[in-house]
Every structure is written in C-alpha cells, then in structure tokens.
>>> print(open('upload18.csv').read())   # CSV, C-alpha atoms
chain,number,residue,atom,x,y,z
A,1,MET,CA,-53.7,15.9,29.4
A,2,GLU,CA,-55.8,16.0,26.3
A,3,ARG,CA,-54.9,13.8,23.4
A,4,PRO,CA,-55.1,15.1,19.9
A,5,VAL,CA,-57.2,12.2,18.7
A,6,GLU,CA,-59.4,9.5,20.2
A,7,LEU,CA,-56.9,6.7,20.3
A,8,ASP,CA,-59.4,4.0,21.2
A,9,ASN,CA,-61.0,4.1,17.7
A,10,VAL,CA,-58.0,4.4,15.5
A,11,THR,CA,-56.0,1.7,13.7
A,12,ARG,CA,-52.4,1.3,14.9
A,13,VAL,CA,-49.5,1.3,12.5
A,14,HIS,CA,-47.9,-2.1,12.2
A,15,GLU,CA,-45.3,-1.2,9.6
A,16,PHE,CA,-43.6,1.8,8.1
A,17,VAL,CA,-42.7,2.7,4.5
A,18,LEU,CA,-39.2,4.0,4.1
A,19,LEU,CA,-39.1,6.3,1.0
A,20,GLY,CA,-35.3,6.0,0.8
A,21,LEU,CA,-32.5,8.4,-0.1
A,22,SER,CA,-33.8,9.3,-3.5
A,23,MET,CA,-37.2,9.0,-5.3
A,24,ARG,CA,-35.8,9.6,-8.7
A,25,PRO,CA,-35.5,6.4,-10.7
A,26,ASP,CA,-32.8,7.8,-13.0
A,27,MET,CA,-30.6,8.5,-10.0
A,28,ARG,CA,-31.1,5.4,-8.0
A,29,ASP,CA,-28.9,3.0,-10.1
A,30,VAL,CA,-26.0,5.4,-10.0
A,31,LEU,CA,-26.4,6.1,-6.2
A,32,PHE,CA,-26.7,2.3,-5.6
A,33,ALA,CA,-23.4,1.7,-7.2
A,34,VAL,CA,-21.7,4.5,-5.4
A,35,PHE,CA,-23.0,3.6,-1.9
A,36,LEU,CA,-22.4,-0.1,-2.4
A,37,THR,CA,-18.8,0.7,-3.2
A,38,LEU,CA,-18.5,3.0,-0.2
A,39,TYR,CA,-20.1,0.3,2.1
A,40,LEU,CA,-17.7,-2.4,0.9
A,41,LEU,CA,-14.7,-0.1,1.2
A,42,THR,CA,-15.7,0.9,4.7
A,43,LEU,CA,-16.1,-2.8,5.7
A,44,LEU,CA,-12.7,-3.6,4.2
A,45,GLU,CA,-10.8,-0.7,5.8
A,46,ASN,CA,-12.2,-1.3,9.3
A,47,THR,CA,-11.9,-5.1,9.2
A,48,LEU,CA,-8.2,-4.6,8.1
A,49,ILE,CA,-7.6,-2.3,11.1
A,50,ILE,CA,-9.2,-4.8,13.5
A,51,TYR,CA,-7.0,-7.6,12.1
A,52,LEU,CA,-3.8,-5.5,12.3
A,53,VAL,CA,-4.5,-4.4,15.9
A,54,CYS,CA,-5.3,-7.9,17.0
A,55,THR,CA,-2.4,-9.7,15.3
A,56,HIS,CA,0.6,-7.3,15.7
A,57,SER,CA,2.0,-7.0,19.2
A,58,GLU,CA,3.5,-3.6,18.5
A,59,LEU,CA,0.0,-2.2,18.1
A,60,HIS,CA,-1.1,-3.4,21.5
A,61,LYS,CA,-1.1,0.1,22.9
A,62,PRO,CA,-3.9,2.3,24.3
A,63,MET,CA,-4.2,4.4,21.1
A,64,TYR,CA,-4.7,1.3,18.9
A,65,PHE,CA,-6.9,-0.4,21.4
A,66,PHE,CA,-9.3,2.5,21.0
A,67,LEU,CA,-8.9,2.6,17.3
A,68,GLY,CA,-9.7,-1.1,17.2
A,69,ASN,CA,-12.9,-0.4,19.2
A,70,LEU,CA,-13.8,2.4,16.8
A,71,SER,CA,-13.3,0.2,13.7
A,72,CYS,CA,-15.4,-2.6,15.3
A,73,LEU,CA,-18.1,0.0,16.0
A,74,GLU,CA,-18.0,1.4,12.4
A,75,VAL,CA,-18.5,-2.1,11.0
A,76,CYS,CA,-21.6,-2.5,13.1
A,77,TYR,CA,-22.7,1.1,12.5
A,78,VAL,CA,-22.7,1.0,8.7
A,79,SER,CA,-24.3,-2.5,8.8
A,80,VAL,CA,-27.2,-1.1,10.7
A,81,THR,CA,-28.1,1.7,8.2
A,82,MET,CA,-26.5,1.0,4.9
A,83,PRO,CA,-28.5,-2.2,4.0
A,84,SER,CA,-31.8,-0.3,4.2
A,85,LEU,CA,-30.3,2.6,2.2
A,86,LEU,CA,-29.1,0.2,-0.5
A,87,LEU,CA,-32.4,-1.7,-0.5
A,88,GLY,CA,-34.3,1.6,-1.0
A,89,LEU,CA,-32.0,2.5,-3.9
A,90,TRP,CA,-32.5,-0.9,-5.5
A,91,ASN,CA,-36.2,-1.5,-5.0
A,92,GLY,CA,-37.6,1.9,-4.2
A,93,PRO,CA,-39.8,2.5,-1.1
A,94,SER,CA,-39.7,-0.4,1.2
A,95,HIS,CA,-42.0,-1.7,3.9
A,96,VAL,CA,-40.5,-2.2,7.4
A,97,PRO,CA,-42.4,-4.0,10.2
A,98,PHE,CA,-42.8,-1.9,13.4
A,99,THR,CA,-40.6,-4.3,15.4
A,100,ALA,CA,-37.8,-4.3,12.8
A,101,CYS,CA,-37.9,-0.5,12.7
A,102,MET,CA,-37.6,-0.2,16.5
A,103,THR,CA,-34.8,-2.8,16.5
A,104,GLN,CA,-32.9,-0.7,13.9
A,105,LEU,CA,-33.5,2.4,15.9
A,106,PHE,CA,-32.2,0.7,19.1
A,107,PHE,CA,-28.9,-0.4,17.5
A,108,PHE,CA,-28.4,2.9,15.7
A,109,ILE,CA,-28.9,5.0,18.9
A,110,SER,CA,-26.7,2.7,20.8
A,111,LEU,CA,-23.8,2.8,18.3
A,112,ILE,CA,-24.0,6.6,17.7
A,113,CYS,CA,-23.8,7.2,21.5
A,114,THR,CA,-20.9,4.8,21.8
A,115,GLU,CA,-19.1,6.5,19.0
A,116,CYS,CA,-19.4,9.9,20.7
A,117,THR,CA,-17.9,8.6,24.0
A,118,LEU,CA,-15.2,6.7,22.1
A,119,LEU,CA,-14.1,9.8,20.2
A,120,ALA,CA,-13.9,11.6,23.5
A,121,SER,CA,-11.8,8.8,25.1
A,122,MET,CA,-9.5,8.9,22.1
A,123,ALA,CA,-9.0,12.6,22.4
A,124,TYR,CA,-8.2,12.2,26.1
A,125,ASP,CA,-5.7,9.4,25.3
A,126,ARG,CA,-3.9,11.8,22.9
A,127,TYR,CA,-4.0,14.6,25.5
A,128,VAL,CA,-2.3,12.4,28.1
A,129,ALA,CA,0.2,11.1,25.6
A,130,ILE,CA,1.3,14.6,24.5
A,131,CYS,CA,0.8,16.7,27.6
A,132,HIS,CA,1.7,14.2,30.3
A,133,PRO,CA,4.0,11.6,28.6
A,134,LEU,CA,5.8,10.6,31.8
A,135,HIS,CA,2.5,9.6,33.4
A,136,TYR,CA,1.0,8.0,30.3
A,137,PRO,CA,1.8,4.4,31.3
A,138,LEU,CA,0.0,4.9,34.6
A,139,LEU,CA,-2.9,7.1,33.5
A,140,MET,CA,-3.7,4.9,30.4
A,141,ARG,CA,-2.9,1.5,31.9
A,142,PRO,CA,-4.9,-1.5,30.5
A,143,GLN,CA,-7.5,-1.4,33.3
A,144,VAL,CA,-8.3,2.3,32.5
A,145,CYS,CA,-8.5,1.7,28.8
A,146,LEU,CA,-10.8,-1.3,29.3
A,147,GLY,CA,-13.0,0.7,31.7
A,148,LEU,CA,-13.3,3.6,29.2
A,149,SER,CA,-14.2,1.2,26.4
A,150,LEU,CA,-16.8,-0.7,28.4
A,151,SER,CA,-18.4,2.5,29.7
A,152,SER,CA,-18.7,3.7,26.2
A,153,TRP,CA,-20.4,0.5,24.9
A,154,LEU,CA,-22.6,0.0,28.0
A,155,GLY,CA,-23.5,3.7,28.2
A,156,GLY,CA,-24.6,3.6,24.6
A,157,LEU,CA,-26.8,0.6,25.3
A,158,LEU,CA,-28.4,2.2,28.4
A,159,VAL,CA,-29.2,5.5,26.6
A,160,SER,CA,-30.6,3.5,23.7
A,161,VAL,CA,-32.9,1.4,25.9
A,162,VAL,CA,-34.4,4.6,27.4
A,163,LYS,CA,-34.8,6.5,24.1
A,164,THR,CA,-36.1,3.5,22.1
A,165,SER,CA,-38.6,2.6,24.8
A,166,CYS,CA,-40.0,6.1,24.8
A,167,ILE,CA,-40.4,6.2,21.0
A,168,ALA,CA,-41.8,2.7,20.8
A,169,SER,CA,-44.4,3.5,23.5
A,170,LEU,CA,-45.9,6.3,21.3
A,171,THR,CA,-49.0,5.6,19.3
A,172,TYR,CA,-48.7,5.7,15.5
A,173,CYS,CA,-52.0,5.8,13.7
A,174,GLY,CA,-51.1,6.9,10.2
A,175,PRO,CA,-49.8,8.0,7.9
A,176,ASN,CA,-46.9,5.5,8.1
A,177,ILE,CA,-44.5,7.0,5.5
A,178,LEU,CA,-41.0,7.8,6.7
A,179,ASN,CA,-39.1,10.3,4.4
A,180,HIS,CA,-35.8,8.7,5.3
A,181,PHE,CA,-33.6,5.8,4.4
A,182,PHE,CA,-33.6,4.2,7.9
A,183,CYS,CA,-35.7,4.5,11.1
A,184,ASP,CA,-34.4,7.6,12.8
A,185,VAL,CA,-35.7,9.6,15.8
A,186,SER,CA,-37.1,12.8,14.1
A,187,PRO,CA,-39.1,11.1,11.3
A,188,LEU,CA,-40.7,8.7,13.8
A,189,LEU,CA,-41.6,11.6,16.2
A,190,ASN,CA,-43.2,13.4,13.2
A,191,LEU,CA,-45.5,10.4,12.6
A,192,SER,CA,-46.8,10.0,16.2
A,193,CYS,CA,-50.4,10.9,16.9
A,194,THR,CA,-49.9,11.3,20.6
A,195,HIS,CA,-48.2,14.0,22.6
A,196,VAL,CA,-44.4,13.7,22.2
A,197,ALA,CA,-43.2,16.4,24.6
A,198,LEU,CA,-41.8,14.0,27.1
A,199,THR,CA,-40.1,11.9,24.5
A,200,GLU,CA,-38.6,15.0,22.9
A,201,LEU,CA,-37.4,16.1,26.3
A,202,VAL,CA,-35.7,12.7,26.9
A,203,ASP,CA,-34.2,12.8,23.5
A,204,PHE,CA,-33.0,16.4,23.9
A,205,ILE,CA,-31.5,15.8,27.4
A,206,SER,CA,-29.7,12.6,26.4
A,207,ALA,CA,-28.3,14.4,23.3
A,208,ILE,CA,-27.1,17.3,25.5
A,209,VAL,CA,-25.4,14.9,27.9
A,210,ILE,CA,-23.9,12.5,25.4
A,211,LEU,CA,-23.1,14.8,22.4
A,212,TRP,CA,-22.3,18.0,24.1
A,213,GLY,CA,-20.6,16.2,27.1
A,214,SER,CA,-18.3,14.1,24.9
A,215,LEU,CA,-17.7,17.1,22.5
A,216,LEU,CA,-16.6,19.2,25.5
A,217,VAL,CA,-14.1,16.5,26.6
A,218,ALA,CA,-12.7,16.3,23.0
A,219,ILE,CA,-12.4,20.1,22.6
A,220,THR,CA,-10.8,20.5,26.0
A,221,SER,CA,-8.3,17.8,25.2
A,222,TYR,CA,-7.4,19.2,21.8
A,223,VAL,CA,-7.1,22.7,23.1
A,224,ALA,CA,-4.6,21.5,25.7
A,225,ILE,CA,-2.8,19.5,23.0
A,226,GLY,CA,-2.6,22.6,20.8
A,227,ARG,CA,-1.1,24.7,23.7
A,228,ALA,CA,1.4,22.0,24.4
A,229,VAL,CA,2.3,21.7,20.7
A,230,LEU,CA,3.0,25.4,20.5
A,231,HIS,CA,5.6,25.1,23.2
A,232,MET,CA,7.5,22.2,21.6
A,233,PRO,CA,11.1,23.2,20.8
A,234,SER,CA,11.4,20.9,17.8
A,235,ALA,CA,9.9,22.1,14.6
A,236,ALA,CA,9.6,18.5,13.3
A,237,ALA,CA,7.7,17.4,16.4
A,238,HIS,CA,5.6,20.5,16.2
A,239,ARG,CA,4.5,19.7,12.6
A,240,LYS,CA,3.9,16.0,13.3
A,241,ALA,CA,1.7,16.7,16.3
A,242,PHE,CA,-0.2,19.5,14.6
A,243,SER,CA,-0.8,17.3,11.5
A,244,THR,CA,-2.1,14.4,13.5
A,245,CYS,CA,-4.4,16.6,15.7
A,246,ALA,CA,-5.7,18.6,12.7
A,247,SER,CA,-6.7,15.5,10.9
A,248,HIS,CA,-8.5,14.2,14.0
A,249,LEU,CA,-10.2,17.5,14.5
A,250,VAL,CA,-11.6,17.4,10.9
A,251,VAL,CA,-13.3,14.0,11.6
A,252,VAL,CA,-14.5,15.1,15.0
A,253,GLY,CA,-15.8,18.4,13.6
A,254,ILE,CA,-17.7,16.8,10.7
A,255,PHE,CA,-19.3,14.1,12.9
A,256,TYR,CA,-20.3,16.3,15.7
A,257,SER,CA,-21.6,19.2,13.5
A,258,ALA,CA,-24.0,16.8,11.7
A,259,THR,CA,-25.2,15.0,14.8
A,260,LEU,CA,-25.6,18.1,17.0
A,261,PHE,CA,-27.7,19.8,14.3
A,262,ILE,CA,-30.0,16.8,14.1
A,263,TYR,CA,-30.2,15.5,17.6
A,264,ALA,CA,-29.3,18.3,20.1
A,265,ARG,CA,-32.3,20.4,19.3
A,266,PRO,CA,-35.4,20.9,21.5
A,267,SER,CA,-37.9,20.1,18.8
A,268,ARG,CA,-38.5,17.8,15.8
A,269,ILE,CA,-36.9,18.5,12.5
A,270,GLU,CA,-39.3,19.1,9.7
A,271,ALA,CA,-36.9,19.5,6.8
A,272,MET,CA,-36.4,15.8,6.1
A,273,ASP,CA,-34.4,16.2,2.9
A,274,LEU,CA,-31.8,18.1,4.9
A,275,ASN,CA,-32.0,15.5,7.6
A,276,LYS,CA,-31.2,12.8,5.0
A,277,VAL,CA,-28.2,14.7,3.6
A,278,LEU,CA,-26.8,15.2,7.1
A,279,SER,CA,-27.5,11.6,8.0
A,280,VAL,CA,-25.4,10.5,5.0
A,281,ILE,CA,-22.4,12.4,6.4
A,282,TYR,CA,-22.3,10.6,9.8
A,283,THR,CA,-23.6,7.2,8.7
A,284,VAL,CA,-21.5,6.9,5.5
A,285,VAL,CA,-18.8,9.5,5.1
A,286,THR,CA,-17.3,9.5,8.6
A,287,PRO,CA,-17.1,5.6,9.0
A,288,MET,CA,-15.3,5.5,5.7
A,289,CYS,CA,-12.9,8.4,6.5
A,290,ASN,CA,-12.1,7.4,10.1
A,291,PRO,CA,-9.8,4.5,9.3
A,292,VAL,CA,-7.9,6.7,6.8
A,293,ILE,CA,-7.6,9.6,9.1
A,294,TYR,CA,-6.8,7.8,12.3
A,295,CYS,CA,-5.0,4.7,11.2
A,296,LEU,CA,-3.9,4.2,7.6
A,297,ARG,CA,-1.8,7.4,7.7
A,298,ASN,CA,-0.1,6.2,10.8
A,299,LYS,CA,3.5,4.9,10.2
A,300,GLU,CA,3.2,2.0,12.8
A,301,VAL,CA,0.0,0.8,11.1
A,302,GLN,CA,1.5,1.1,7.7
A,303,ALA,CA,4.5,-0.9,8.8
A,304,ALA,CA,2.2,-3.6,10.2
A,305,PHE,CA,0.3,-3.7,7.0
A,306,HIS,CA,3.4,-4.1,4.9
A,307,ARG,CA,4.6,-6.9,7.1
A,308,THR,CA,1.2,-8.6,6.7
A,309,LEU,CA,1.6,-8.3,2.9
A,310,CYS,CA,5.1,-9.8,3.1
A,311,TRP,CA,3.8,-12.7,5.2
A,312,SER,CA,1.0,-13.4,2.7
A,313,ARG,CA,3.4,-13.4,-0.2
A,314,GLY,CA,5.8,-15.6,1.6
>>> encode(input="upload18.csv", output="structure tokens")
Amino acid sequence: MERPVELDNVTRVHEFVLLGLSMRPDMRDVLFAVFLTLYLLTLLENTLIIYLVCTHSELHKPMYFFLGNLSCLEVCYVSVTMPSLLLGLWNGPSHVPFTACMTQLFFFISLICTECTLLASMAYDRYVAICHPLHYPLLMRPQVCLGLSLSSWLGGLLVSVVKTSCIASLTYCGPNILNHFFCDVSPLLNLSCTHVALTELVDFISAIVILWGSLLVAITSYVAIGRAVLHMPSAAAHRKAFSTCASHLVVVGIFYSATLFIYARPSRIEAMDLNKVLSVIYTVVTPMCNPVIYCLRNKEVQAAFHRTLCWSRG
C-alpha cells in the first residue's frame, strides 16, 4: 500500500495543541464560570448518590446498585474531559504531550463504552422489574448484577485498549492542532499523515457493536415496558411507570443521539465545531442530568437524603 508521504524523512509530532471550546476571549471568562459550576455540581450530585447507596441498606437493591455504578462512572467521566475544557477556557490553547493525549483518549473511550452498556443494563433491570416482577429476585440476583456491572467496566477497558492502540500507532507529522477541548477520535484521525482506513474500520465496527448493540437492548426493554404499562389496570401505577420511563428515555435519547452521530459513522467528521457542541452534550450535560433524572426524583432516594440531613443535624 502506498503511503501519502515519505515517513522516514518527516518529524513526528510529540505534542498536540488543544484549541479549546471557544477562541473568543470575551466569551471564555463567562464560559469558564458556567462550566466550572456545572463540573462542581456534577461531582456533588454523583458523590451524594454514591454515598446514599453505600450507607443506606434500603437502597441495596439492583436498581440502586446500577445507579451507584453510573454515578461512579460519571465522576470519572467528567474528570477526564472537564479539566482540559476548563484549562482551555482559562488559558486559551494548551499544549498536551502525545502520551498524555493518548492516556486521556484511553480513559474517555473506556468510560463512554462502559456508560453505554450500563444504560442498557439499567433498562433491562427496569424491564424485568415491571414485566416479570415475580421472577425479579431470581433474574436480578446479586451475582447477575455484579456480572453485568463487571462486564460493562471490563468490556469498556477492552474496547479502549484496541481503539487507543490503533490510534496511537498512527503517524502524526504535523500540523498538530486539535480543534477540540479534549483528545477525541475524529480530531486525531484528521491529523494523521498515514492511511487510517483500518483504524476507521475498527472505530466504526466497535461503535456499531457497543453503541447500536446497547441501544437496541435499551429500546427493546423500554418498548416492552411501554406495552406492559398500557395494560396496567391502575391509573396511578400507569402514570408512575410512564413518568419514570419517559424521563429515562429522555436521558438515553440525548446521550445516544449525540454519540451515535459522532462515533457510529464510517468516516471522519470534518465539522469540528459541530463535534465540539455535540461533545458538550454527552460529556457535560448528561452527567449532570443523570443523577436528577434517575435518582434525585426517586422517593426512596429522597427519603434516604432527608434521613442523612437529620443525622447530620442531630
């Protein structure tokens, strides 16, 4: 296969320059304050949920086990991308060593794949709880929950090892400017001076398997839940189940819409400004909204939170 440039006589890139979310100095201060607030709020919300799930025995149920996993993931997730976003808004374009960039990419891919499979596991948990309540203790026993959780985390790590290895093995010989606020797949592929067809194929196939596969499980589960809800005799139970599932579907819909548009495509994305906007949705908005949608509106979680407040005052 012919190579587009003679790689033996070029200088390899040893660092990248992240342009950040915005290049306008008049906007950066305002955006820094906004995103710092969102970052701290996300950390507070998810840390609170982890604490409540771990310390209250009434929350030691499969649903809250998965919610605790999701909150732990969100804390790690925002801590991978948000510091570089905030640094770019504070100082402007920043220089990132090649190794640091690949490390950030590795953790980001691992966590986003884990989130996809966790959301699918949570949808399956709700499906079993609503459609097969008598079999719920058996189908969602602790061993099954632990297996689903471990497979989500380990599967994310495995996919990330493969994808990051492919991207790190490419040759980058300049320019080294990434029009993004963190090291992501598409901006890096756009900078490679070697053929990226194999890497794009690996990226596309893994996106199809992880994103579309987990989305199919989630959609199938919620469709089955919807059919079961329509046949519920009680109007109150009908409204409660519909309200819960609708809020879950909003989060799932926003997350998957953005990630599928960016990652489940057979070619690199050239419109980096659109890429950055969509990236904000699934790296900032959904981690902040997930605790509110999934947990803080839940009566059992609210009761545990109120008891925690009473203990602290006492």
>>> residues_around(input="upload18.csv", residues="segment 127-142 of chain A", least_positions_apart="2", cutoff="8 Å", atoms="all atoms listed in the file", output="list in words")
Pro62, Ala123, Tyr124, Asp125, Val144, Cys145, Leu146, Ser221, Tyr222, Ala224, Ile225 and Ala228 of chain A
>>> residues_near_point(input="upload18.csv", point="(-29.6, 1.9, -5.4)", cutoff="8 Å", atoms="all atoms listed in the file", output="list in words")
Arg28, Asp29, Val30, Leu31, Phe32, Ala33, Phe35, Leu85, Leu86, Leu87, Gly88, Leu89, Trp90 and Asn91 of chain A
>>> write_last_selection(input="upload18.csv", atoms="C-alpha atoms", output="tab-separated table (two decimals), in the coordinates of the input")
chain	number	residue	atom	x	y	z
A	28	ARG	CA	-31.10	5.40	-8.00
A	29	ASP	CA	-28.90	3.00	-10.10
A	30	VAL	CA	-26.00	5.40	-10.00
A	31	LEU	CA	-26.40	6.10	-6.20
A	32	PHE	CA	-26.70	2.30	-5.60
A	33	ALA	CA	-23.40	1.70	-7.20
A	35	PHE	CA	-23.00	3.60	-1.90
A	85	LEU	CA	-30.30	2.60	2.20
A	86	LEU	CA	-29.10	0.20	-0.50
A	87	LEU	CA	-32.40	-1.70	-0.50
A	88	GLY	CA	-34.30	1.60	-1.00
A	89	LEU	CA	-32.00	2.50	-3.90
A	90	TRP	CA	-32.50	-0.90	-5.50
A	91	ASN	CA	-36.20	-1.50	-5.00
>>> residues_around(input="upload18.csv", residues="Glu115 of chain A", least_positions_apart="3", cutoff="9 Å", atoms="only C-alpha atoms", output="list in words")
Leu70, Leu73, Glu74, Ser110, Leu111, Ile112, Leu118, Leu119, Ala120, Ser152, Trp153 and Gly156 of chain A
>>> closest_residue(input="upload18.csv", among="A:Tyr294, A:Phe108, A:Phe261, A:Phe98", to="Val159 of chain A", atoms="only C-alpha atoms")
A:Phe108
>>> atom_distance(input="upload18.csv", atom1="atom CA of Arg12 of chain A", atom2="atom CA of Tyr172 of chain A")
5.8 Å
>>> atom_distance(input="upload18.csv", atom1="atom CA of Leu48 of chain A", atom2="atom CA of Asn69 of chain A")
12.8 Å
>>> closest_residue(input="upload18.csv", among="A:Phe106, A:Tyr51, A:Tyr263, A:Phe66", to="Ser165 of chain A", atoms="only C-alpha atoms")
A:Phe106
>>> residues_around(input="upload18.csv", residues="Cys113 of chain A", least_positions_apart="6", cutoff="12 Å", atoms="all atoms listed in the file", output="PyMOL selection string")
chain A and resi 73+77+106-107+119-120+151-161+163+203+206-215+255-256+259-260+263
>>> residues_around(input="upload18.csv", residues="Ser247 of chain A", least_positions_apart="5", cutoff="9 Å", atoms="only C-alpha atoms", output="list in words")
Phe242, Val252, Ile293 and Tyr294 of chain A
>>> residues_near_point(input="upload18.csv", point="(-25.4, 6.9, 9.3)", cutoff="9 Å", atoms="all atoms listed in the file", output="list in words")
Tyr77, Val78, Val80, Thr81, Met82, Phe108, Ile112, Phe182, Leu278, Ser279, Val280, Ile281, Tyr282, Thr283, Val284, Val285, Thr286 and Pro287 of chain A
>>> write_last_selection(input="upload18.csv", atoms="C-alpha atoms", output="JSON list (two decimals), in the coordinates of the input")
[["chain", "number", "residue", "atom", "x", "y", "z"],
["A", 77, "TYR", "CA", -22.70, 1.10, 12.50],
["A", 78, "VAL", "CA", -22.70, 1.00, 8.70],
["A", 80, "VAL", "CA", -27.20, -1.10, 10.70],
["A", 81, "THR", "CA", -28.10, 1.70, 8.20],
["A", 82, "MET", "CA", -26.50, 1.00, 4.90],
["A", 108, "PHE", "CA", -28.40, 2.90, 15.70],
["A", 112, "ILE", "CA", -24.00, 6.60, 17.70],
["A", 182, "PHE", "CA", -33.60, 4.20, 7.90],
["A", 278, "LEU", "CA", -26.80, 15.20, 7.10],
["A", 279, "SER", "CA", -27.50, 11.60, 8.00],
["A", 280, "VAL", "CA", -25.40, 10.50, 5.00],
["A", 281, "ILE", "CA", -22.40, 12.40, 6.40],
["A", 282, "TYR", "CA", -22.30, 10.60, 9.80],
["A", 283, "THR", "CA", -23.60, 7.20, 8.70],
["A", 284, "VAL", "CA", -21.50, 6.90, 5.50],
["A", 285, "VAL", "CA", -18.80, 9.50, 5.10],
["A", 286, "THR", "CA", -17.30, 9.50, 8.60],
["A", 287, "PRO", "CA", -17.10, 5.60, 9.00]]
>>> closest_atom_pairs(input="upload18.csv", of="segment 153-173 of chain A", to="segment 190-193 of chain A", cutoff="7 Å", atoms="all atoms listed in the file", output="CSV")
residue,atom,partner,partner_atom,distance
A:Leu170,CA,A:Ser192,CA,6.4
A:Thr171,CA,A:Ser192,CA,5.8
A:Tyr172,CA,A:Ser192,CA,4.8
A:Cys173,CA,A:Cys193,CA,6.2
>>> write_last_selection(input="upload18.csv", atoms="C-alpha atoms", output="PDB file, in the coordinates of the input")
ATOM      1  CA  LEU A 170     -45.900   6.300  21.300  1.00  0.00           C
ATOM      2  CA  THR A 171     -49.000   5.600  19.300  1.00  0.00           C
ATOM      3  CA  TYR A 172     -48.700   5.700  15.500  1.00  0.00           C
ATOM      4  CA  CYS A 173     -52.000   5.800  13.700  1.00  0.00           C
TER       5      CYS A 173
END
>>> atom_distance(input="upload18.csv", atom1="atom CA of His56 of chain A", atom2="atom CA of Leu309 of chain A")
12.9 Å
>>> axis_aligned_box(input="upload18.csv", around="segment 231-234 of chain A", padding_each_side="5 Å", output="AutoDock Vina command-line options")
--center_x 8.5 --center_y 23.0 --center_z 20.5 --size_x 15.8 --size_y 14.2 --size_z 15.4
>>> closest_residue(input="upload18.csv", among="A:Val217, A:Ile50, A:Val17, A:Val196", to="Thr117 of chain A", atoms="only C-alpha atoms")
A:Val217
>>> closest_residue(input="upload18.csv", among="A:Ala241, A:Val185, A:Val292, A:Leu19", to="Val96 of chain A", atoms="all atoms listed in the file")
A:Leu19
>>> closest_residue(input="upload18.csv", among="A:Gly226, A:Pro83, A:Pro233, A:Gly68", to="Ala246 of chain A", atoms="all atoms listed in the file")
A:Gly226
>>> closest_residue(input="upload18.csv", among="A:Ser121, A:Ser149, A:Thr37, A:Thr47", to="Ser71 of chain A", atoms="only C-alpha atoms")
A:Thr47
>>> decode(input="upload18.csv", residues="segment 114-156 of chain A", atoms="C-alpha atoms", output="PDB file, in the first residue's frame")
ATOM      1  CA  THR A 114     -18.944   1.438  29.890  1.00  0.00           C
ATOM      2  CA  GLU A 115     -21.732   4.010  30.114  1.00  0.00           C
ATOM      3  CA  CYS A 116     -23.429   2.584  27.027  1.00  0.00           C
ATOM      4  CA  THR A 117     -23.534  -0.928  28.449  1.00  0.00           C
ATOM      5  CA  LEU A 118     -24.530   0.291  31.917  1.00  0.00           C
ATOM      6  CA  LEU A 119     -27.503   2.195  30.480  1.00  0.00           C
ATOM      7  CA  ALA A 120     -28.541  -0.983  28.667  1.00  0.00           C
ATOM      8  CA  SER A 121     -28.206  -2.986  31.904  1.00  0.00           C
ATOM      9  CA  MET A 122     -30.349  -0.436  33.744  1.00  0.00           C
ATOM     10  CA  ALA A 123     -33.004  -0.620  31.031  1.00  0.00           C
ATOM     11  CA  TYR A 124     -33.010  -4.428  31.306  1.00  0.00           C
ATOM     12  CA  ASP A 125     -33.326  -4.153  35.100  1.00  0.00           C
ATOM     13  CA  ARG A 126     -36.446  -1.968  34.735  1.00  0.00           C
ATOM     14  CA  TYR A 127     -37.839  -4.357  32.116  1.00  0.00           C
ATOM     15  CA  VAL A 128     -37.546  -7.327  34.473  1.00  0.00           C
ATOM     16  CA  ALA A 129     -38.951  -5.332  37.413  1.00  0.00           C
ATOM     17  CA  ILE A 130     -42.064  -4.192  35.514  1.00  0.00           C
ATOM     18  CA  CYS A 131     -42.694  -7.059  33.075  1.00  0.00           C
ATOM     19  CA  HIS A 132     -41.601 -10.014  35.238  1.00  0.00           C
ATOM     20  CA  PRO A 133     -41.952  -8.852  38.854  1.00  0.00           C
ATOM     21  CA  LEU A 134     -42.368 -12.370  40.276  1.00  0.00           C
ATOM     22  CA  HIS A 135     -39.084 -13.501  38.730  1.00  0.00           C
ATOM     23  CA  TYR A 136     -37.233 -10.286  39.559  1.00  0.00           C
ATOM     24  CA  PRO A 137     -35.413 -11.598  42.693  1.00  0.00           C
ATOM     25  CA  LEU A 138     -34.103 -14.557  40.678  1.00  0.00           C
ATOM     26  CA  LEU A 139     -33.284 -12.826  37.386  1.00  0.00           C
ATOM     27  CA  MET A 140     -31.616  -9.846  39.072  1.00  0.00           C
ATOM     28  CA  ARG A 141     -29.932 -11.645  41.986  1.00  0.00           C
ATOM     29  CA  PRO A 142     -26.649 -10.119  43.260  1.00  0.00           C
ATOM     30  CA  GLN A 143     -24.453 -12.429  41.168  1.00  0.00           C
ATOM     31  CA  VAL A 144     -26.215 -11.350  37.963  1.00  0.00           C
ATOM     32  CA  CYS A 145     -25.978  -7.649  38.860  1.00  0.00           C
ATOM     33  CA  LEU A 146     -22.291  -7.975  39.668  1.00  0.00           C
ATOM     34  CA  GLY A 147     -21.699  -9.856  36.407  1.00  0.00           C
ATOM     35  CA  LEU A 148     -23.464  -7.173  34.341  1.00  0.00           C
ATOM     36  CA  SER A 149     -21.513  -4.441  36.102  1.00  0.00           C
ATOM     37  CA  LEU A 150     -18.118  -6.131  35.710  1.00  0.00           C
ATOM     38  CA  SER A 151     -18.775  -6.950  32.067  1.00  0.00           C
ATOM     39  CA  SER A 152     -19.619  -3.282  31.438  1.00  0.00           C
ATOM     40  CA  TRP A 153     -16.401  -1.997  33.029  1.00  0.00           C
ATOM     41  CA  LEU A 154     -14.124  -4.702  31.613  1.00  0.00           C
ATOM     42  CA  GLY A 155     -15.744  -4.519  28.185  1.00  0.00           C
ATOM     43  CA  GLY A 156     -15.119  -0.775  28.099  1.00  0.00           C
TER      44      GLY A 156
END
